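Trainee: This is the content of entry.cif (mmCIF, C-alpha atoms and all ligand atoms):
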data_my_file
loop_
_atom_site.group_PDB
_atom_site.id
_atom_site.type_symbol
_atom_site.label_atom_id
_atom_site.label_comp_id
_atom_site.auth_asym_id
_atom_site.auth_seq_id
_atom_site.Cartn_x
_atom_site.Cartn_y
_atom_site.Cartn_z
ATOM 1 C CA MET K 1 -86.313 74.188 150.321
ATOM 2 C CA LYS K 2 -86.283 72.008 153.455
ATOM 3 C CA THR K 3 -83.099 73.566 154.858
ATOM 4 C CA LEU K 4 -84.451 77.013 154.215
ATOM 5 C CA ARG K 5 -87.714 76.164 155.863
ATOM 6 C CA ARG K 6 -85.829 74.905 158.922
ATOM 7 C CA LYS K 7 -83.812 78.122 159.040
ATOM 8 C CA ILE K 8 -86.816 80.415 159.010
ATOM 9 C CA LEU K 9 -89.084 78.189 161.049
ATOM 10 C CA PHE K 10 -88.617 80.148 164.247
ATOM 11 C CA LYS K 11 -88.637 83.588 162.720
ATOM 12 C CA LYS K 12 -91.574 85.747 161.882
ATOM 13 C CA LEU K 13 -91.426 86.259 158.143
ATOM 14 C CA ASP K 14 -92.287 89.768 156.928
ATOM 15 C CA GLY K 15 -92.628 88.854 153.272
ATOM 16 C CA ILE K 16 -90.884 88.034 150.029
ATOM 17 C CA LEU K 17 -88.659 90.526 148.231
ATOM 18 C CA PHE K 18 -88.183 90.028 144.490
ATOM 19 C CA ASP K 19 -85.295 91.183 142.372
ATOM 20 C CA ILE K 20 -86.655 92.691 139.122
ATOM 21 C CA ASP K 21 -84.387 91.993 136.123
ATOM 22 C CA LEU K 22 -84.443 88.355 135.020
ATOM 23 C CA THR K 23 -86.327 87.407 138.188
ATOM 24 C CA ILE K 24 -89.756 88.816 137.380
ATOM 25 C CA PHE K 25 -89.002 90.985 134.317
ATOM 26 C CA ASP K 26 -87.492 89.555 131.113
ATOM 27 C CA ARG K 27 -84.951 92.334 130.680
ATOM 28 C CA ASN K 28 -83.135 90.561 127.825
ATOM 29 C CA ARG K 29 -86.181 90.327 125.600
ATOM 30 C CA PHE K 30 -87.179 93.881 126.484
ATOM 31 C CA ALA K 31 -83.694 95.201 125.595
ATOM 32 C CA LYS K 32 -83.753 93.335 122.287
ATOM 33 C CA ASP K 33 -87.222 94.616 121.390
ATOM 34 C CA ILE K 34 -86.442 98.231 122.249
ATOM 35 C CA ASN K 35 -83.183 98.225 120.294
ATOM 36 C CA GLU K 36 -84.903 96.682 117.291
ATOM 37 C CA LYS K 37 -87.612 99.332 117.418
ATOM 38 C CA LEU K 38 -85.047 102.129 117.822
ATOM 39 C CA SER K 39 -83.031 100.863 114.870
ATOM 40 C CA LYS K 40 -86.106 101.072 112.650
ATOM 41 C CA ILE K 41 -87.028 104.549 113.841
ATOM 42 C CA LEU K 42 -83.481 105.851 113.575
ATOM 43 C CA LYS K 43 -83.000 104.123 110.210
ATOM 44 C CA THR K 44 -79.890 102.268 111.229
ATOM 45 C CA SER K 45 -79.053 98.637 111.889
ATOM 46 C CA PHE K 46 -79.910 96.689 115.040
ATOM 47 C CA GLU K 47 -76.187 95.913 115.379
ATOM 48 C CA ASN K 48 -75.399 99.596 115.314
ATOM 49 C CA ILE K 49 -77.793 100.359 118.174
ATOM 50 C CA ASN K 50 -76.364 97.431 120.136
ATOM 51 C CA LEU K 51 -72.888 98.799 119.561
ATOM 52 C CA GLU K 52 -73.919 102.265 120.772
ATOM 53 C CA GLU K 53 -75.357 100.630 123.880
ATOM 54 C CA LYS K 54 -72.248 98.561 124.426
ATOM 55 C CA ASN K 55 -70.073 101.682 124.216
ATOM 56 C CA TYR K 56 -72.278 103.488 126.714
ATOM 57 C CA VAL K 57 -72.324 100.527 129.129
ATOM 58 C CA SER K 58 -68.541 100.152 128.969
ATOM 59 C CA SER K 59 -68.211 103.749 130.195
ATOM 60 C CA LEU K 60 -70.074 102.846 133.398
ATOM 61 C CA LYS K 61 -68.600 101.601 136.666
ATOM 62 C CA SER K 62 -71.347 99.026 137.069
ATOM 63 C CA SER K 63 -74.234 97.767 134.966
ATOM 64 C CA SER K 64 -76.574 99.068 137.671
ATOM 65 C CA ASP K 65 -75.478 102.596 136.631
ATOM 66 C CA PHE K 66 -77.257 102.078 133.290
ATOM 67 C CA ASN K 67 -79.601 105.019 132.800
ATOM 68 C CA SER K 68 -82.016 104.364 129.973
ATOM 69 C CA ASN K 69 -82.708 108.102 129.575
ATOM 70 C CA THR K 70 -78.991 108.847 129.193
ATOM 71 C CA PHE K 71 -78.701 106.194 126.514
ATOM 72 C CA LEU K 72 -81.680 107.663 124.646
ATOM 73 C CA LYS K 73 -80.091 111.127 124.923
ATOM 74 C CA ILE K 74 -76.913 109.753 123.315
ATOM 75 C CA LEU K 75 -78.981 108.322 120.443
ATOM 76 C CA SER K 76 -81.028 111.512 120.198
ATOM 77 C CA LYS K 77 -77.886 113.547 119.678
ATOM 78 C CA LYS K 78 -76.213 111.113 117.329
ATOM 79 C CA PHE K 79 -79.234 110.516 115.100
ATOM 80 C CA ASP K 80 -80.773 113.956 115.482
ATOM 81 C CA LYS K 81 -84.126 112.802 116.827
ATOM 82 C CA GLU K 82 -86.066 114.331 119.742
ATOM 83 C CA PHE K 83 -85.282 112.731 123.099
ATOM 84 C CA LEU K 84 -88.925 112.943 124.191
ATOM 85 C CA PHE K 85 -89.982 111.118 121.059
ATOM 86 C CA LEU K 86 -87.488 108.296 121.727
ATOM 87 C CA LYS K 87 -88.615 108.186 125.348
ATOM 88 C CA LYS K 88 -92.199 107.705 124.246
ATOM 89 C CA VAL K 89 -91.128 104.894 121.915
ATOM 90 C CA ARG K 90 -89.457 103.154 124.862
ATOM 91 C CA ASP K 91 -92.358 103.742 127.243
ATOM 92 C CA ASP K 92 -94.861 102.377 124.719
ATOM 93 C CA ILE K 93 -92.992 99.095 124.410
ATOM 94 C CA PHE K 94 -93.617 98.060 128.023
ATOM 95 C CA ASN K 95 -96.379 95.513 128.453
ATOM 96 C CA LYS K 96 -97.311 92.577 130.638
ATOM 97 C CA SER K 97 -95.693 90.006 128.343
ATOM 98 C CA TYR K 98 -92.274 90.968 129.760
ATOM 99 C CA ILE K 99 -93.321 89.648 133.155
ATOM 100 C CA TYR K 100 -92.485 85.969 133.540
ATOM 101 C CA GLU K 101 -95.535 83.771 133.504
ATOM 102 C CA ASP K 102 -94.697 82.054 136.788
ATOM 103 C CA PHE K 103 -94.890 85.415 138.564
ATOM 104 C CA LEU K 104 -98.248 86.184 136.969
ATOM 105 C CA LYS K 105 -99.576 82.774 137.964
ATOM 106 C CA LEU K 106 -98.346 83.081 141.535
ATOM 107 C CA LYS K 107 -101.005 83.691 144.121
ATOM 108 C CA LYS K 108 -100.413 87.247 145.186
ATOM 109 C CA PHE K 109 -99.689 87.716 148.845
ATOM 110 C CA LYS K 110 -99.964 91.006 150.634
ATOM 111 C CA ASN K 111 -96.337 91.024 151.712
ATOM 112 C CA PHE K 112 -94.621 91.101 148.351
ATOM 113 C CA GLY K 113 -91.756 93.570 148.043
ATOM 114 C CA ILE K 114 -88.822 94.447 145.807
ATOM 115 C CA PHE K 115 -85.061 94.226 146.280
ATOM 116 C CA SER K 116 -83.497 95.714 143.186
ATOM 117 C CA GLU K 117 -80.723 97.967 141.948
ATOM 118 C CA GLY K 118 -80.437 100.588 139.237
ATOM 119 C CA PHE K 119 -82.197 103.880 138.523
ATOM 120 C CA LYS K 120 -85.367 104.001 140.553
ATOM 121 C CA TYR K 121 -87.603 105.564 137.848
ATOM 122 C CA PHE K 122 -86.657 102.860 135.337
ATOM 123 C CA GLN K 123 -86.985 99.958 137.772
ATOM 124 C CA LEU K 124 -90.392 101.269 138.851
ATOM 125 C CA ASP K 125 -91.439 101.650 135.190
ATOM 126 C CA LYS K 126 -90.874 97.904 134.828
ATOM 127 C CA LEU K 127 -93.509 97.340 137.518
ATOM 128 C CA LYS K 128 -95.905 100.184 136.771
ATOM 129 C CA LYS K 129 -96.000 100.034 132.981
ATOM 130 C CA THR K 130 -96.494 96.261 133.010
ATOM 131 C CA GLY K 131 -99.393 96.481 135.447
ATOM 132 C CA ILE K 132 -97.889 94.562 138.356
ATOM 133 C CA TYR K 133 -97.081 97.461 140.720
ATOM 134 C CA ARG K 134 -100.332 96.884 142.604
ATOM 135 C CA PHE K 135 -99.138 93.479 143.795
ATOM 136 C CA PHE K 136 -96.426 95.049 145.941
ATOM 137 C CA ASP K 137 -96.535 96.532 149.409
ATOM 138 C CA LYS K 138 -95.144 100.037 148.813
ATOM 139 C CA SER K 139 -93.366 100.074 152.189
ATOM 140 C CA LYS K 140 -91.392 97.015 151.088
ATOM 141 C CA ILE K 141 -89.927 98.358 147.850
ATOM 142 C CA PHE K 142 -86.150 98.643 148.168
ATOM 143 C CA ILE K 143 -84.307 99.960 145.102
ATOM 144 C CA PHE K 144 -80.690 101.017 145.498
ATOM 145 C CA ARG K 145 -77.898 101.827 143.082
ATOM 146 C CA ARG K 146 -75.782 99.117 144.762
ATOM 147 C CA LYS K 147 -78.061 96.781 146.621
ATOM 148 C CA LEU K 148 -75.328 94.759 148.310
ATOM 149 C CA ASP K 149 -73.702 97.782 149.999
ATOM 150 C CA LEU K 150 -73.884 97.115 153.714
ATOM 151 C CA LYS K 151 -75.355 100.549 154.436
ATOM 152 C CA ASN K 152 -78.222 99.663 152.097
ATOM 153 C CA LEU K 153 -78.742 96.188 153.490
ATOM 154 C CA ASP K 154 -78.980 97.812 156.941
ATOM 155 C CA LYS K 155 -82.001 99.797 155.743
ATOM 156 C CA ILE K 156 -84.003 96.579 155.463
ATOM 157 C CA SER K 157 -85.338 95.597 158.842
ATOM 158 C CA GLY K 158 -87.504 92.546 159.201
ATOM 159 C CA ASN K 159 -87.111 88.991 157.974
ATOM 160 C CA TYR K 160 -87.537 88.404 154.276
ATOM 161 C CA ILE K 161 -87.103 85.692 151.731
ATOM 162 C CA VAL K 162 -85.307 87.261 148.756
ATOM 163 C CA ILE K 163 -85.596 85.873 145.230
ATOM 164 C CA ASP K 164 -82.752 86.695 142.847
ATOM 165 C CA ASP K 165 -81.324 85.270 139.617
ATOM 166 C CA ARG K 166 -77.723 86.094 140.516
ATOM 167 C CA ILE K 167 -75.511 83.724 142.483
ATOM 168 C CA ASN K 168 -73.300 86.519 143.867
ATOM 169 C CA VAL K 169 -76.369 88.278 145.306
ATOM 170 C CA CYS K 170 -77.641 85.091 146.941
ATOM 171 C CA GLU K 171 -74.209 84.320 148.372
ATOM 172 C CA ALA K 172 -73.910 87.809 149.851
ATOM 173 C CA LEU K 173 -77.367 87.565 151.413
ATOM 174 C CA GLN K 174 -76.551 84.198 152.974
ATOM 175 C CA LYS K 175 -74.254 86.156 155.293
ATOM 176 C CA THR K 176 -77.061 88.350 156.624
ATOM 177 C CA LYS K 177 -79.237 87.497 159.617
ATOM 178 C CA ASN K 178 -82.581 88.613 158.259
ATOM 179 C CA LEU K 179 -82.539 87.993 154.498
ATOM 180 C CA PHE K 180 -82.986 84.433 153.231
ATOM 181 C CA PRO K 181 -82.024 84.106 149.565
ATOM 182 C CA ILE K 182 -83.504 81.722 147.034
ATOM 183 C CA LEU K 183 -81.901 81.533 143.614
ATOM 184 C CA ILE K 184 -84.302 81.474 140.661
ATOM 185 C CA ASP K 185 -82.671 79.318 138.007
ATOM 186 C CA ARG K 186 -85.211 78.776 135.222
ATOM 187 C CA ALA K 187 -82.616 77.315 132.840
ATOM 188 C CA GLU K 188 -81.278 75.025 135.582
ATOM 189 C CA ASP K 189 -77.694 75.828 134.673
ATOM 190 C CA LYS K 190 -76.489 77.537 137.836
ATOM 191 C CA ASN K 191 -74.342 76.008 140.484
ATOM 192 C CA PHE K 192 -75.478 77.294 143.867
ATOM 193 C CA SER K 193 -75.134 75.493 147.193
ATOM 194 C CA GLY K 194 -78.136 77.210 148.779
ATOM 195 C CA THR K 195 -81.833 76.978 148.060
ATOM 196 C CA LYS K 196 -82.706 77.076 144.389
ATOM 197 C CA ILE K 197 -85.973 76.970 142.453
ATOM 198 C CA LYS K 198 -86.709 76.758 138.740
ATOM 199 C CA SER K 199 -90.144 78.341 138.930
ATOM 200 C CA LEU K 200 -91.541 81.032 141.198
ATOM 201 C CA LEU K 201 -94.569 78.784 141.656
ATOM 202 C CA GLU K 202 -92.440 76.660 143.983
ATOM 203 C CA LEU K 203 -92.712 79.531 146.466
ATOM 204 C CA GLU K 204 -96.266 78.500 147.188
ATOM 205 C CA GLU K 205 -94.855 75.474 149.043
ATOM 206 C CA ILE K 206 -93.429 77.792 151.673
ATOM 207 C CA PHE K 207 -96.749 79.264 152.640
HETATM 208 MG MG MG K 301 -81.570 90.141 138.384
#
Would you write out, as structure tokens, the structure that this file holds?
Ligand SMILES: [Mg+2]

Mentor:
Amino acid sequence: MKTLRRKILFKKLDGILFDIDLTIFDRNRFAKDINEKLSKILKTSFENINLEEKNYVSSLKSSSDFNSNTFLKILSKKFDKEFLFLKKVRDDIFNKSYIYEDFLKLKKFKNFGIFSEGFKYFQLDKLKKTGIYRFFDKSKIFIFRRKLDLKNLDKISGNYIVIDDRINVCEALQKTKNLFPILIDRAEDKNFSGTKIKSLLELEEIF
């Protein structure tokens, strides 16, 4: 944290941008819960739903191309169940418990933003349907299909601290002039040479 603080000491900081999946939203538990629920509704096994998902994901160029609606449409067709019904099942599963506790305990600052990738509607659902959307400055919400594409990084002007759970994202951001990455490593099993925290509450030291 000290090195990072030294680096940004002379810059005006415009806020903190958070990645969504596995940084503030427990995507793994959410995915497990939704697939369990779908397996019950579609009267098939949990393993079977996981397999369907795996097949769909393997057809994609990148995991950020995952479109939850497309996956539900595949299941709708295969199991002969209304898409809108399955969509409602998914939407009803969202709740605040999927937001990591350290984020909820964090004092909310007015300059919180998002730096995420994937389908915008689904990423925004993770904020809106869990009740945390209000904590973010809407002008600082950046959601791209590929967030590390240089043309997308160029769209972010201003100096931001960026919190992400992925080492490759943090390493790419280390090369930028205005984005200062911090790796969130709750399990403390990641090897990253830059600044690393195990709880978002450590961010309060910066301010
Ligand atoms: Mg992530």

Trainee: Name the residues that the PyMOL selection byres (((chain K and resi 38-49) around 8) and not hetatm) pulls out of this structure, and write them as a PyMOL selection string.

Mentor: chain K and resi 34-37+50-53+79+81+86+89

Trainee: Would you pick out the contacts of region 184-191 of chain K at 7 Å or less, using all atoms listed in the file, so that residues sharing its chain but fewer than 3 positions from it are not included, and give the list as a count of residues only?

Mentor: 8

Trainee: What do you get as a PyMOL selection string if you pick all residues at most 12 Å from ligand MG 301 (chain K), counting only C-alpha atoms and all ligand atoms?

Mentor: chain K and resi 18-28+63-64+114-118+123+147+162-170+183-185

Trainee: Just the number, please: distance in Å from CA of Ser157 (chain K) to CA of Asn178 (chain K), one decimal.

Mentor: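 Taking CA of Ser157 (chain K) and CA of Asn178 (chain K), their separation equals 7.5 Å.
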
Trainee: Return the single residue from K:Thr195, K:Lys107, K:Asp65, K:Gly131 that is closest to Phe144 (chain K), with distances computed using only C-alpha atoms.

Mentor: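 Looking only at the distances to Phe144 (chain K), the closest residue turns out to be K:Asp65.
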
Trainee: Output requested as a PDB file, in the frame of the given file - region 137-161 of chain K, filled out with N, CA and C atoms.

Mentor:
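Written output follows (rebuild_11.pdb):
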ATOM      1  N   ASP K 137     -96.353  95.672 148.246  1.00  0.00           N
ATOM      2  CA  ASP K 137     -96.535  96.532 149.409  1.00  0.00           C
ATOM      3  C   ASP K 137     -95.521  97.671 149.269  1.00  0.00           C
ATOM      4  N   LYS K 138     -96.027  98.901 149.115  1.00  0.00           N
ATOM      5  CA  LYS K 138     -95.144 100.037 148.813  1.00  0.00           C
ATOM      6  C   LYS K 138     -94.084 100.289 149.892  1.00  0.00           C
ATOM      7  N   SER K 139     -94.364  99.864 151.125  1.00  0.00           N
ATOM      8  CA  SER K 139     -93.366 100.074 152.189  1.00  0.00           C
ATOM      9  C   SER K 139     -92.250  99.034 152.121  1.00  0.00           C
ATOM     10  N   LYS K 140     -92.401  98.081 151.205  1.00  0.00           N
ATOM     11  CA  LYS K 140     -91.392  97.015 151.088  1.00  0.00           C
ATOM     12  C   LYS K 140     -90.693  97.050 149.731  1.00  0.00           C
ATOM     13  N   ILE K 141     -90.624  98.223 149.139  1.00  0.00           N
ATOM     14  CA  ILE K 141     -89.927  98.358 147.850  1.00  0.00           C
ATOM     15  C   ILE K 141     -88.556  98.985 148.097  1.00  0.00           C
ATOM     16  N   PHE K 142     -87.519  98.186 147.925  1.00  0.00           N
ATOM     17  CA  PHE K 142     -86.150  98.643 148.168  1.00  0.00           C
ATOM     18  C   PHE K 142     -85.393  98.649 146.839  1.00  0.00           C
ATOM     19  N   ILE K 143     -85.068  99.844 146.353  1.00  0.00           N
ATOM     20  CA  ILE K 143     -84.307  99.960 145.102  1.00  0.00           C
ATOM     21  C   ILE K 143     -83.099 100.859 145.371  1.00  0.00           C
ATOM     22  N   PHE K 144     -81.924 100.282 145.245  1.00  0.00           N
ATOM     23  CA  PHE K 144     -80.690 101.017 145.498  1.00  0.00           C
ATOM     24  C   PHE K 144     -79.831 101.014 144.238  1.00  0.00           C
ATOM     25  N   ARG K 145     -78.827 101.894 144.209  1.00  0.00           N
ATOM     26  CA  ARG K 145     -77.898 101.827 143.082  1.00  0.00           C
ATOM     27  C   ARG K 145     -76.991 100.604 143.223  1.00  0.00           C
ATOM     28  N   ARG K 146     -76.573 100.326 144.488  1.00  0.00           N
ATOM     29  CA  ARG K 146     -75.782  99.117 144.762  1.00  0.00           C
ATOM     30  C   ARG K 146     -76.479  98.381 145.909  1.00  0.00           C
ATOM     31  N   LYS K 147     -77.225  97.347 145.561  1.00  0.00           N
ATOM     32  CA  LYS K 147     -78.061  96.781 146.621  1.00  0.00           C
ATOM     33  C   LYS K 147     -77.297  95.968 147.662  1.00  0.00           C
ATOM     34  N   LEU K 148     -76.072  95.567 147.335  1.00  0.00           N
ATOM     35  CA  LEU K 148     -75.328  94.759 148.310  1.00  0.00           C
ATOM     36  C   LEU K 148     -74.457  95.603 149.247  1.00  0.00           C
ATOM     37  N   ASP K 149     -74.449  96.935 149.064  1.00  0.00           N
ATOM     38  CA  ASP K 149     -73.702  97.782 149.999  1.00  0.00           C
ATOM     39  C   ASP K 149     -74.286  97.580 151.400  1.00  0.00           C
ATOM     40  N   LEU K 150     -73.398  97.411 152.362  1.00  0.00           N
ATOM     41  CA  LEU K 150     -73.884  97.115 153.714  1.00  0.00           C
ATOM     42  C   LEU K 150     -74.806  98.200 154.261  1.00  0.00           C
ATOM     43  N   LYS K 151     -74.490  99.464 153.929  1.00  0.00           N
ATOM     44  CA  LYS K 151     -75.355 100.549 154.436  1.00  0.00           C
ATOM     45  C   LYS K 151     -76.774 100.441 153.854  1.00  0.00           C
ATOM     46  N   ASN K 152     -76.887  99.860 152.676  1.00  0.00           N
ATOM     47  CA  ASN K 152     -78.222  99.663 152.097  1.00  0.00           C
ATOM     48  C   ASN K 152     -78.918  98.445 152.700  1.00  0.00           C
ATOM     49  N   LEU K 153     -78.153  97.392 152.883  1.00  0.00           N
ATOM     50  CA  LEU K 153     -78.742  96.188 153.490  1.00  0.00           C
ATOM     51  C   LEU K 153     -79.270  96.514 154.894  1.00  0.00           C
ATOM     52  N   ASP K 154     -78.558  97.421 155.592  1.00  0.00           N
ATOM     53  CA  ASP K 154     -78.980  97.812 156.941  1.00  0.00           C
ATOM     54  C   ASP K 154     -80.334  98.515 156.958  1.00  0.00           C
ATOM     55  N   LYS K 155     -80.722  99.066 155.801  1.00  0.00           N
ATOM     56  CA  LYS K 155     -82.001  99.797 155.743  1.00  0.00           C
ATOM     57  C   LYS K 155     -83.196  98.836 155.723  1.00  0.00           C
ATOM     58  N   ILE K 156     -82.906  97.552 155.510  1.00  0.00           N
ATOM     59  CA  ILE K 156     -84.003  96.579 155.463  1.00  0.00           C
ATOM     60  C   ILE K 156     -84.111  95.900 156.825  1.00  0.00           C
ATOM     61  N   SER K 157     -85.140  96.282 157.566  1.00  0.00           N
ATOM     62  CA  SER K 157     -85.338  95.597 158.842  1.00  0.00           C
ATOM     63  C   SER K 157     -86.479  94.612 158.630  1.00  0.00           C
ATOM     64  N   GLY K 158     -86.487  93.571 159.414  1.00  0.00           N
ATOM     65  CA  GLY K 158     -87.504  92.546 159.201  1.00  0.00           C
ATOM     66  C   GLY K 158     -86.897  91.353 158.499  1.00  0.00           C
ATOM     67  N   ASN K 159     -87.604  90.237 158.573  1.00  0.00           N
ATOM     68  CA  ASN K 159     -87.111  88.991 157.974  1.00  0.00           C
ATOM     69  C   ASN K 159     -87.794  88.751 156.631  1.00  0.00           C
ATOM     70  N   TYR K 160     -86.973  88.594 155.610  1.00  0.00           N
ATOM     71  CA  TYR K 160     -87.537  88.404 154.276  1.00  0.00           C
ATOM     72  C   TYR K 160     -86.866  87.255 153.533  1.00  0.00           C
ATOM     73  N   ILE K 161     -87.660  86.588 152.739  1.00  0.00           N
ATOM     74  CA  ILE K 161     -87.103  85.692 151.731  1.00  0.00           C
ATOM     75  C   ILE K 161     -86.813  86.605 150.539  1.00  0.00           C
TER      76      ILE K 161
END
